[in-house]
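Have a look at work-v3.cif below; it lists mmCIF, C-alpha atoms.
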```
data_upload
loop_
_atom_site.label_atom_id
_atom_site.label_comp_id
_atom_site.auth_asym_id
_atom_site.auth_seq_id
_atom_site.Cartn_x
_atom_site.Cartn_y
_atom_site.Cartn_z
CA MET E 251 133.21 131.34 101.56
CA LYS E 252 129.85 132.90 100.74
CA MET E 253 127.08 130.36 100.38
CA ILE E 254 123.96 130.99 98.27
CA ASP E 255 120.94 128.76 98.70
CA ALA E 256 119.03 128.80 95.41
CA LYS E 257 117.29 125.47 95.92
CA GLY E 258 113.65 125.54 94.89
CA LYS E 259 114.15 128.73 92.95
CA PRO E 260 113.26 128.62 89.27
CA CYS E 261 115.51 129.93 86.53
CA PRO E 262 116.63 132.63 86.10
CA THR E 263 116.77 133.33 89.86
CA PRO E 264 119.92 131.26 90.58
CA VAL E 265 121.74 133.03 87.77
CA ILE E 266 120.61 136.42 89.06
CA LEU E 267 121.81 135.55 92.59
CA ALA E 268 125.18 134.40 91.26
CA LYS E 269 125.50 137.55 89.16
CA GLN E 270 124.83 139.64 92.24
CA ALA E 271 127.59 137.80 94.12
CA ILE E 272 130.02 138.39 91.26
CA ALA E 273 129.01 142.05 91.01
CA GLY E 274 129.54 142.30 94.77
CA GLY E 275 133.18 141.35 94.31
CA GLU E 276 133.06 137.76 95.60
CA ALA E 277 136.15 135.93 94.35
CA ALA E 278 134.80 132.56 95.41
CA PHE E 279 131.39 131.39 96.49
CA LEU E 280 129.20 128.32 96.66
CA ILE E 281 125.70 128.14 95.20
CA GLU E 282 123.28 125.26 95.65
CA VAL E 283 120.49 124.48 93.17
CA ASP E 284 118.16 121.54 92.64
CA ASN E 285 117.73 121.35 88.89
CA ARG E 286 119.99 120.69 85.96
CA PRO E 287 118.94 123.66 83.77
CA ALA E 288 120.13 125.92 86.58
CA VAL E 289 123.44 124.04 86.69
CA GLU E 290 123.94 124.53 82.97
CA ASN E 291 122.97 128.19 83.13
CA LEU E 292 125.35 128.78 86.05
CA LYS E 293 128.19 126.99 84.27
CA ARG E 294 127.69 129.24 81.29
CA LEU E 295 127.64 132.29 83.53
CA ALA E 296 130.92 131.17 85.10
CA GLY E 297 132.50 130.78 81.68
CA ASN E 298 131.31 134.20 80.59
CA GLN E 299 132.53 135.89 83.76
CA GLY E 300 135.96 134.28 83.91
CA PHE E 301 135.18 131.98 86.81
CA ALA E 302 136.12 128.34 87.20
CA VAL E 303 133.33 126.17 88.51
CA THR E 304 133.21 122.73 90.05
CA VAL E 305 129.99 120.81 90.43
CA ARG E 306 129.12 118.25 93.07
CA GLU E 307 125.83 116.39 93.10
CA ALA E 308 124.26 114.59 96.04
CA ASP E 309 120.62 113.54 96.40
CA GLY E 310 119.49 115.77 93.56
CA ILE E 311 121.18 118.85 95.01
CA PHE E 312 123.92 120.42 92.93
CA ALA E 313 126.60 122.44 94.69
CA LEU E 314 128.55 124.70 92.36
CA GLU E 315 131.74 126.26 93.61
CA PHE E 316 132.72 129.40 91.73
CA SER E 317 136.24 130.75 91.87
CA ARG E 318 137.62 133.70 89.98
CA GLY E 319 140.32 133.32 87.36
CA GLY E 320 139.11 130.06 85.92
CA GLY E 321 141.90 129.52 83.48
CA ALA E 322 142.02 125.85 84.30
CA ALA E 323 139.51 123.50 82.81
CA PRO E 324 136.47 123.40 85.03
CA ALA E 325 136.30 120.08 86.82
CA CYS E 326 132.91 118.51 86.62
CA ASP E 327 132.19 115.19 88.25
CA ALA E 328 130.72 112.32 86.32
CA ALA E 329 127.20 113.32 87.26
CA ALA E 330 127.41 116.41 85.11
CA ASP E 331 126.68 114.50 81.95
CA ALA E 332 126.52 117.38 79.48
CA PRO E 333 129.89 118.63 78.29
CA LEU E 334 130.58 122.29 78.83
CA PRO E 335 129.58 124.41 75.87
CA ALA E 336 132.50 125.51 73.75
CA PRO E 337 133.26 129.23 73.91
CA SER E 338 131.89 129.82 70.45
CA ARG E 339 128.40 128.86 71.59
CA HIS E 340 127.27 132.37 72.18
CA TYR E 341 124.14 132.27 70.11
CA THR E 342 120.78 130.64 70.50
CA VAL E 343 118.18 129.51 67.98
CA PHE E 344 114.50 130.31 68.48
CA VAL E 345 111.97 128.22 66.55
CA GLY E 346 108.43 129.57 66.67
CA ARG E 347 107.01 127.64 63.71
CA ASP E 348 107.04 124.09 62.40
CA VAL E 349 108.05 125.21 58.91
CA ILE E 350 110.51 127.74 57.56
CA GLY E 351 108.93 130.77 55.99
CA SER E 352 105.46 131.21 54.60
CA GLY E 353 104.21 129.58 51.43
CA ASP E 354 104.10 125.89 50.70
CA ARG E 355 104.05 123.93 53.96
CA GLU E 356 105.68 120.83 52.51
CA LEU E 357 108.58 122.84 51.18
CA GLY E 358 108.79 124.72 54.49
CA ALA E 359 108.91 121.43 56.44
CA ASN E 360 111.78 120.20 54.27
CA LEU E 361 113.63 123.47 54.69
CA MET E 362 113.27 123.09 58.47
CA ARG E 363 114.69 119.54 58.37
CA MET E 364 117.59 120.74 56.24
CA PHE E 365 118.18 123.62 58.63
CA PHE E 366 118.67 121.21 61.53
CA TYR E 367 120.70 118.81 59.36
CA THR E 368 123.06 121.65 58.52
CA LEU E 369 123.14 123.00 62.08
CA ALA E 370 124.03 119.57 63.47
CA SER E 371 126.67 119.02 60.74
CA GLY E 372 128.57 122.17 61.54
CA GLY E 373 131.11 122.91 64.22
CA ASP E 374 129.77 126.20 65.52
CA LEU E 375 126.91 124.99 67.69
CA PRO E 376 124.41 127.20 69.49
CA GLN E 377 124.18 127.23 73.27
CA SER E 378 120.52 126.30 73.01
CA VAL E 379 117.57 125.71 70.70
CA LEU E 380 114.24 127.06 71.92
CA PHE E 381 110.86 125.83 70.65
CA MET E 382 107.58 127.70 71.04
CA ASN E 383 104.10 127.73 69.51
CA ALA E 384 103.90 125.35 66.51
CA GLY E 385 107.69 124.91 66.72
CA VAL E 386 107.11 122.41 69.56
CA LYS E 387 105.72 119.95 67.02
CA LEU E 388 109.24 119.39 65.70
CA PRO E 389 110.83 117.75 68.80
CA ALA E 390 107.62 115.76 69.28
CA LEU E 391 106.53 114.65 65.84
CA ASP E 392 109.25 115.09 63.19
CA ASP E 393 111.45 111.98 63.01
CA GLN E 394 114.35 113.66 61.25
CA VAL E 395 114.42 116.79 63.39
CA VAL E 396 114.25 114.60 66.53
CA GLU E 397 117.40 112.76 65.38
CA HIS E 398 119.29 116.01 64.79
CA LEU E 399 118.19 117.39 68.15
CA LYS E 400 119.37 114.24 69.94
CA ASP E 401 122.72 114.68 68.27
CA LEU E 402 122.91 118.36 69.25
CA ARG E 403 121.97 117.53 72.84
CA ALA E 404 124.64 114.87 73.05
CA ARG E 405 127.12 117.59 72.10
CA GLY E 406 126.00 119.92 74.88
CA VAL E 407 123.32 122.01 73.21
CA GLU E 408 120.37 122.68 75.46
CA VAL E 409 116.97 121.97 73.88
CA LEU E 410 114.10 123.77 75.62
CA VAL E 411 110.49 123.13 74.63
CA CYS E 412 107.60 125.32 75.76
CA GLY E 413 105.35 123.21 77.99
CA THR E 414 102.35 125.50 77.59
CA CYS E 415 102.60 125.07 73.83
CA LEU E 416 102.90 121.26 74.06
CA ASN E 417 99.75 121.21 76.18
CA PHE E 418 97.94 123.56 73.82
CA TYR E 419 98.57 121.25 70.87
CA GLY E 420 97.79 118.13 72.97
CA ILE E 421 101.21 116.58 72.35
CA ALA E 422 102.83 116.83 75.80
CA ASP E 423 103.03 113.03 75.96
CA LYS E 424 104.68 112.84 72.55
CA LEU E 425 107.79 114.91 73.25
CA ARG E 426 110.80 112.79 72.23
CA VAL E 427 113.72 115.09 72.86
CA GLY E 428 114.36 118.18 74.92
CA THR E 429 113.43 119.63 78.28
CA VAL E 430 109.91 120.86 78.95
CA SER E 431 110.45 124.48 79.75
CA ASN E 432 108.78 127.80 80.42
CA MET E 433 108.94 131.44 79.50
CA TYR E 434 111.42 132.21 82.32
CA ASP E 435 114.01 129.72 81.08
CA ILE E 436 113.48 130.66 77.45
CA VAL E 437 113.83 134.39 78.05
CA SER E 438 116.85 133.70 80.26
CA GLN E 439 118.50 131.82 77.39
CA MET E 440 117.82 134.69 75.02
CA GLN E 441 119.25 137.21 77.48
CA SER E 442 122.42 135.23 78.08
CA ALA E 443 123.08 134.83 74.34
CA SER E 444 124.80 137.51 72.34
CA LYS E 445 122.69 136.65 69.31
CA VAL E 446 119.29 135.02 68.84
CA ILE E 447 118.55 133.51 65.45
CA THR E 448 114.81 133.21 64.83
CA VAL E 449 113.74 130.52 62.40
CA MET J 250 130.97 104.81 50.89
CA ASP J 251 129.35 106.17 54.05
CA TYR J 252 125.97 107.10 52.66
CA CYS J 253 124.04 107.63 49.45
CA VAL J 254 122.25 110.72 48.26
CA ILE J 255 119.82 111.39 45.46
CA SER J 256 119.79 114.78 43.85
CA PHE J 257 116.90 116.00 41.76
CA GLU J 258 116.20 118.28 38.84
CA SER J 259 113.32 119.87 40.71
CA THR J 260 112.15 120.50 44.27
CA GLN J 261 108.86 118.82 43.41
CA GLY J 262 110.79 115.70 42.43
CA ALA J 263 112.61 115.69 45.76
CA ILE J 264 109.36 115.99 47.70
CA LEU J 265 107.70 113.27 45.61
CA ALA J 266 110.66 110.93 46.14
CA GLN J 267 110.39 111.35 49.90
CA LYS J 268 106.80 110.16 49.74
CA LEU J 269 107.67 107.27 47.44
CA LEU J 270 110.38 106.10 49.83
CA GLU J 271 108.17 106.07 52.92
CA GLY J 272 108.14 102.47 54.06
CA VAL J 273 111.04 101.58 51.77
CA CYS J 274 113.85 102.75 54.02
CA PRO J 275 114.67 105.54 56.48
CA VAL J 276 115.67 108.73 54.68
CA GLN J 277 116.76 112.22 55.64
CA VAL J 278 116.49 115.38 53.60
CA MET J 279 119.63 117.47 53.42
CA PRO J 280 120.92 120.38 51.38
CA VAL J 281 122.56 119.23 48.18
CA LEU J 282 126.29 118.95 48.69
CA ARG J 283 128.19 121.66 46.90
CA GLU J 284 130.24 118.92 45.27
CA ILE J 285 127.14 117.58 43.53
CA SER J 286 124.50 120.24 42.77
CA LYS J 287 122.02 119.25 40.14
CA GLY J 288 119.86 122.32 40.15
CA CYS J 289 117.68 121.70 43.18
CA GLY J 290 118.58 122.42 46.78
CA ILE J 291 116.95 119.38 48.38
CA SER J 292 118.56 115.97 48.33
CA VAL J 293 117.57 112.72 49.99
CA ARG J 294 120.07 110.75 52.04
CA PHE J 295 119.92 107.06 52.94
CA ALA J 296 122.17 104.18 53.98
CA PRO J 297 124.06 102.30 51.22
CA GLU J 298 122.45 98.96 52.06
CA HIS J 299 119.12 100.33 50.81
CA LEU J 300 120.44 101.40 47.42
CA ASP J 301 118.82 98.58 45.44
CA ALA J 302 115.45 99.01 47.15
CA VAL J 303 115.52 102.76 46.54
CA ARG J 304 116.47 102.33 42.88
CA THR J 305 113.61 99.89 42.41
CA ALA J 306 111.09 102.17 44.10
CA LEU J 307 112.05 105.18 41.99
CA ALA J 308 112.27 103.20 38.75
CA SER J 309 108.61 102.26 39.05
CA SER J 310 107.52 105.81 39.91
CA PRO J 311 106.37 108.76 37.81
CA LEU J 312 109.86 110.24 38.12
CA ALA J 313 111.79 109.90 34.88
CA PRO J 314 115.35 108.55 35.19
CA GLY J 315 116.74 111.87 33.97
CA GLU J 316 115.11 113.75 36.80
CA TYR J 317 117.35 112.38 39.53
CA GLY J 318 120.82 111.01 40.12
CA PHE J 319 122.46 108.79 42.74
CA TYR J 320 125.75 109.59 44.44
CA GLY J 321 127.91 107.81 46.94
CA VAL J 322 129.46 109.97 49.66
CA THR J 323 132.54 109.13 51.71
CA GLY J 324 134.03 111.11 54.55
CA GLY J 325 133.13 114.64 55.56
CA GLY J 326 134.53 118.13 55.76
CA LYS J 327 137.80 118.45 53.88
CA THR J 328 137.99 114.72 53.24
CA LEU J 329 134.53 114.50 51.71
CA SER J 330 134.37 112.80 48.35
CA THR J 331 131.46 111.98 46.10
CA ARG J 332 131.04 109.80 43.06
CA PRO J 333 128.07 109.24 40.79
CA LEU J 334 126.52 105.81 41.11
CA SER J 335 125.57 104.52 37.69
#
```
Reformat the file's structure so that it appears as structure tokens.
Amino acid sequence: MKMIDAKGKPCPTPVILAKQAIAGGEAAFLIEVDNRPAVENLKRLAGNQGFAVTVREADGIFALEFSRGGGAAPACDAAADAPLPAPSRHYTVFVGRDVIGSGDRELGANLMRMFFYTLASGGDLPQSVLFMNAGVKLPALDDQVVEHLKDLRARGVEVLVCGTCLNFYGIADKLRVGTVSNMYDIVSQMQSASKVITV
Amino acid sequence: MDYCVISFESTQGAILAQKLLEGVCPVQVMPVLREISKGCGISVRFAPEHLDAVRTALASSPLAPGEYGFYGVTGGGKTLSTRPLS
């Protein structure tokens, strides 16, 4: 079986390597990565491409075995704590502001809280929520939005928060939910989604 | 009853109520349930055990009693039911 070593490689490189293997006609291959975002991205890729995937973790290294024709439920060991995204999670939400719309900021802040309340109440969840610029204040400073994001995360939604932006606003130590992320991961999420909703 | 909501005649009332309830009890803002609707899109949600404290806080505020209403909500989705709390 083909073996791909993607350890130490940042997203989206592992996904690109796996895509190349699939495009090259590999029916089964093994790919090793060393970070959880890559695992989640690869699992999504497998789902999209009709591959089953099993994940094994040892000493911080994740070995993902892809095999074509993944009709069966992918078997993940207990270490893979996030449930696999449901098939309907084909869209992602991009939040580039801390309020919705322009105009009154207080109203805009309430609209943003109600947006996440409604998103978390519904059944059709996004694959990820991406925060940039002033949007990063929400997972750091807004009590209500933090609660909704924790709920979404527990249900398998990836929450990525721009680290550059957290540093810019001086709130990197205040982040309460989500993964500190970068432009590579965020663009990768947008590219793998069939629809990006910008708030 | 799973939780309580307050609906308001105006958005300004909803925003004012949020400020008045800071320190009284934890609240969340949510869109007004379609089953309720009292003219404004923002409602305030809180746990039933805080109902008395919330009533007291609003009663002594600039908000007139006619500007807001309390509802009890049970269930969700197709089983959701609401009733006005007098």
Point out the residue among E:Leu361, E:Ala308, E:Leu375, E:Ala422 with the least atom-to-atom distance to chain J, counting all atoms listed in the file. E:Leu361
Please report as a CSV table (one decimal) with C-alpha atoms, keeping the file's coordinate frame which residues of chain E come no farther than 10 Å from chain J, using all atoms listed in the file.
```
chain,number,residue,atom,x,y,z
E,356,GLU,CA,105.7,120.8,52.5
E,357,LEU,CA,108.6,122.8,51.2
E,360,ASN,CA,111.8,120.2,54.3
E,361,LEU,CA,113.6,123.5,54.7
E,362,MET,CA,113.3,123.1,58.5
E,363,ARG,CA,114.7,119.5,58.4
E,364,MET,CA,117.6,120.7,56.2
E,365,PHE,CA,118.2,123.6,58.6
E,366,PHE,CA,118.7,121.2,61.5
E,367,TYR,CA,120.7,118.8,59.4
E,368,THR,CA,123.1,121.6,58.5
E,371,SER,CA,126.7,119.0,60.7
E,372,GLY,CA,128.6,122.2,61.5
E,393,ASP,CA,111.4,112.0,63.0
E,394,GLN,CA,114.4,113.7,61.2
E,395,VAL,CA,114.4,116.8,63.4
E,397,GLU,CA,117.4,112.8,65.4
```
Nearest to J:Asp251 by atom-to-atom distance, counting all atoms listed in the file, from J:Leu329, J:Val322, J:Leu282, J:Leu269: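 The shortest atom-to-atom distance to J:Asp251 comes from J:Val322.
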Residues picked by the PyMOL selection byres ((chain E and resi 378-388) around 6) here, as a list in words?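 Selected by the PyMOL selection byres ((chain E and resi 378-388) around 6) in this file: Thr342, Val343, Phe344, Val345, Gly346, Arg347, Asp348, Pro376, Gln377, Pro389, Ala390, Leu391, Asp392, Val407, Glu408, Val409, Leu410, Val411, Cys412 and Cys415 of chain E.
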Quick one: pull the distance between atom CA of E:Glu290 and atom CA of E:Arg405, Å, one decimal.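 Atom CA of E:Glu290 sits 13.3 Å away from atom CA of E:Arg405.
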Do you know which residues the PyMOL selection byres ((chain J and resi 299) around 10) returns on this file, as a list in words? Tyr252, Cys253, Val273, Cys274, Pro275, Val276, Phe295, Ala296, Pro297, Glu298, Leu300, Asp301, Ala302, Val303 and Arg304 of chain J
